[in-house]
Each structure stands twice: as structure tokens, then as C-alpha cells.
file final_27.csv (CSV, C-alpha atoms)
chain,number,residue,atom,x,y,z
K,115,VAL,CA,-3.3,4.5,-22.2
K,116,GLU,CA,-4.3,1.9,-24.7
K,117,GLY,CA,-5.5,-0.4,-21.9
K,118,LEU,CA,-7.6,2.4,-20.4
K,119,LEU,CA,-9.2,3.2,-23.7
K,120,ARG,CA,-10.0,-0.4,-24.3
K,121,MET,CA,-11.5,-0.7,-20.8
K,122,PHE,CA,-13.6,2.4,-21.2
K,123,SER,CA,-15.0,1.3,-24.6
K,124,ALA,CA,-15.4,-2.4,-23.6
K,125,ALA,CA,-18.8,-4.0,-24.2
K,126,ASP,CA,-21.4,-4.2,-21.5
K,127,GLY,CA,-20.6,-7.0,-19.0
K,128,VAL,CA,-17.0,-6.2,-18.6
K,129,THR,CA,-16.5,-5.2,-15.0
K,130,GLY,CA,-13.5,-4.3,-13.0
K,131,PRO,CA,-11.2,-4.3,-11.3
K,132,ILE,CA,-8.9,-5.0,-14.3
K,133,ASN,CA,-5.2,-4.7,-13.6
K,134,LEU,CA,-3.4,-2.6,-16.3
K,135,GLY,CA,0.2,-2.9,-15.4
K,136,ASN,CA,3.4,-4.6,-16.3
K,137,PRO,CA,3.8,-8.1,-15.0
K,138,VAL,CA,7.6,-7.8,-15.0
K,139,GLU,CA,8.4,-7.1,-11.4
K,140,PHE,CA,11.2,-4.7,-10.3
K,141,THR,CA,12.1,-2.9,-7.2
K,142,ILE,CA,11.8,0.8,-6.7
K,143,ARG,CA,15.6,0.8,-6.2
K,144,GLU,CA,16.0,-0.8,-9.6
K,145,LEU,CA,13.7,1.8,-11.1
K,146,ALA,CA,15.6,4.6,-9.4
K,147,SER,CA,18.9,3.2,-10.7
K,148,GLN,CA,17.6,3.2,-14.3
K,149,VAL,CA,16.3,6.7,-14.1
K,150,ILE,CA,19.6,8.0,-12.6
K,151,GLN,CA,21.6,6.2,-15.2
K,152,LYS,CA,19.5,7.4,-18.1
K,153,THR,CA,19.3,11.0,-16.9
K,154,GLY,CA,22.8,11.4,-15.4
K,155,ALA,CA,21.2,12.9,-12.3
K,156,LYS,CA,23.6,13.5,-9.4
K,157,VAL,CA,21.4,12.2,-6.6
K,158,ARG,CA,21.7,9.8,-3.8
K,159,VAL,CA,19.1,7.1,-3.1
K,160,VAL,CA,18.0,7.0,0.5
K,161,ASN,CA,16.5,3.9,2.0
K,162,LYS,CA,13.5,4.2,4.3
K,163,GLY,CA,11.7,1.5,6.2
K,164,LEU,CA,8.5,0.1,4.6
K,165,PRO,CA,5.1,0.8,6.1
K,166,ALA,CA,3.7,-2.2,7.9
K,167,ASP,CA,1.0,-2.7,5.3
K,168,ASP,CA,3.2,-2.3,2.3
K,169,PRO,CA,2.8,-5.1,-0.2
K,170,ARG,CA,5.8,-7.3,-0.7
K,171,LEU,CA,5.0,-8.1,-4.3
K,172,ARG,CA,3.9,-5.6,-6.9
K,173,LYS,CA,3.3,-7.9,-9.9
K,174,PRO,CA,-0.1,-7.2,-11.3
K,175,ALA,CA,-2.2,-10.2,-12.5
K,176,ILE,CA,-3.1,-9.0,-16.0
K,177,GLU,CA,-4.9,-12.2,-17.2
K,178,LYS,CA,-8.3,-10.4,-17.1
K,179,ALA,CA,-7.0,-7.6,-19.3
K,180,LYS,CA,-5.6,-10.1,-21.7
K,181,GLN,CA,-8.8,-12.1,-21.9
K,182,LEU,CA,-11.5,-9.4,-21.8
K,183,LEU,CA,-9.7,-6.5,-23.4
K,184,ARG,CA,-7.1,-8.3,-25.6
K,185,TRP,CA,-4.5,-6.0,-24.0
K,186,GLU,CA,-1.1,-6.5,-22.6
K,187,PRO,CA,1.9,-4.1,-22.2
K,188,SER,CA,3.8,-3.5,-25.4
K,189,ILE,CA,6.5,-1.0,-24.4
K,190,PRO,CA,9.4,-2.3,-22.2
K,191,LEU,CA,10.2,-0.2,-19.1
K,192,SER,CA,13.5,1.0,-20.6
K,193,ASP,CA,11.9,2.3,-23.7
K,194,GLY,CA,9.1,3.9,-21.7
K,195,LEU,CA,11.6,5.7,-19.5
K,196,ASP,CA,13.5,6.9,-22.6
K,197,ARG,CA,10.3,8.4,-24.1
K,198,THR,CA,9.3,9.9,-20.8
K,199,ILE,CA,12.7,11.5,-20.1
K,200,ALA,CA,12.8,12.9,-23.7
K,201,TYR,CA,9.3,14.3,-23.3
K,202,PHE,CA,10.2,16.1,-20.1
K,203,ARG,CA,13.5,17.3,-21.4
K,204,GLU,CA,11.8,18.8,-24.4
K,205,ARG,CA,9.1,20.5,-22.2
K,206,MET,CA,11.8,21.9,-19.9
K,207,ASN,CA,14.0,23.2,-22.7
K,208,GLY,CA,11.1,24.3,-25.0
call {"tool": "encode", "arguments": {"input": "final_27.csv", "output": "C-alpha cells"}}
result
Amino acid sequence: VEGLLRMFSAADGVTGPINLGNPVEFTIRELASQVIQKTGAKVRVVNKGLPADDPRLRKPAIEKAKQLLRWEPSIPLSDGLDRTIAYFRERMNG
């Protein structure tokens, strides 16, 4: 959100696209494994074939965000997942 706010309030002359993502690459399987481990969900991961045009790498280049917005991710994935899971648990139980 901080990156979006900085992009929206940037001075004239800053144009996109500007990648706002985490340059630490991980697979969807790794993400799913972390979510399952953190939530204790009793689910099974099912592998499906990738679409022909699916990108092989999902590592955003954030140099433009660093340079023009003075922004880079500050919350590690694990911490972000913990916060998100806590938020939804509170909403579901509240």
C-alpha cells in the first residue's frame, strides 16, 4: 500500500509502469505450503499444467520504484502472511 500511495502522490514526470512487488522469487507451491503450515488447513495441493503463455519467472524488477519513489518492500512474506491470517481469523470470529 505504501508503494501505491507514493506512486499516486509522485511528482509530475513519474510515469509507469512501476513494479511494486517483492523481488524475492518463490513458487506458488511454496506459498501454498507456507499458508497450509501457518493455518493448519487440512487441504491437498493439486498440480495443474501451466498455460502456454505463463511466465516462467515472477520476479518483478523494482529498480524504478526504488529510484523514483524511494520504495521497496519492508515486510517479509512470512510476516505478511501472519498478519493477513490474523486479520481474516479476527473477521471470521468477530
call {"tool": "closest_residue", "arguments": {"input": "final_27.csv", "among": "K:Ile199, K:Arg143, K:Ser188, K:Gly135", "to": "Asn161 in chain K", "atoms": "only C-alpha atoms"}}
result
K:Arg143
call {"tool": "atom_distance", "arguments": {"input": "final_27.csv", "atom1": "CA of Ile189 in chain K", "atom2": "CA of Thr129 in chain K"}}
result
25.2 Å
call {"tool": "residues_around", "arguments": {"input": "final_27.csv", "residues": "Asn136 in chain K", "least_positions_apart": "2", "cutoff": "10 Å", "atoms": "only C-alpha atoms", "output": "PyMOL selection string"}}
result
chain K and resi 133-134+138-140+172-176+186-191
call {"tool": "atom_distance", "arguments": {"input": "final_27.csv", "atom1": "CA of Thr198 in chain K", "atom2": "CA of Phe122 in chain K"}}
result
24.1 Å
call {"tool": "residues_around", "arguments": {"input": "final_27.csv", "residues": "Ile132 in chain K", "least_positions_apart": "4", "cutoff": "12 Å", "atoms": "all atoms listed in the file", "output": "PyMOL selection string"}}
result
chain K and resi 117-118+120-122+124+128+174-186
call {"tool": "closest_residue", "arguments": {"input": "final_27.csv", "among": "K:Ser192, K:Ala166, K:Ser123, K:Glu116", "to": "Gln151 in chain K", "atoms": "only C-alpha atoms"}}
result
K:Ser192
call {"tool": "closest_residue", "arguments": {"input": "final_27.csv", "among": "K:Tyr201, K:Asn207, K:Leu171, K:Val159", "to": "Pro137 in chain K", "atoms": "only C-alpha atoms"}}
result
K:Leu171
call {"tool": "closest_residue", "arguments": {"input": "final_27.csv", "among": "K:Ile142, K:Arg158, K:Leu119, K:Gln148", "to": "Gly194 in chain K", "atoms": "only C-alpha atoms"}}
result
K:Gln148
call {"tool": "atom_distance", "arguments": {"input": "final_27.csv", "atom1": "CA of Arg205 in chain K", "atom2": "CA of Val157 in chain K"}}
result
21.5 Å
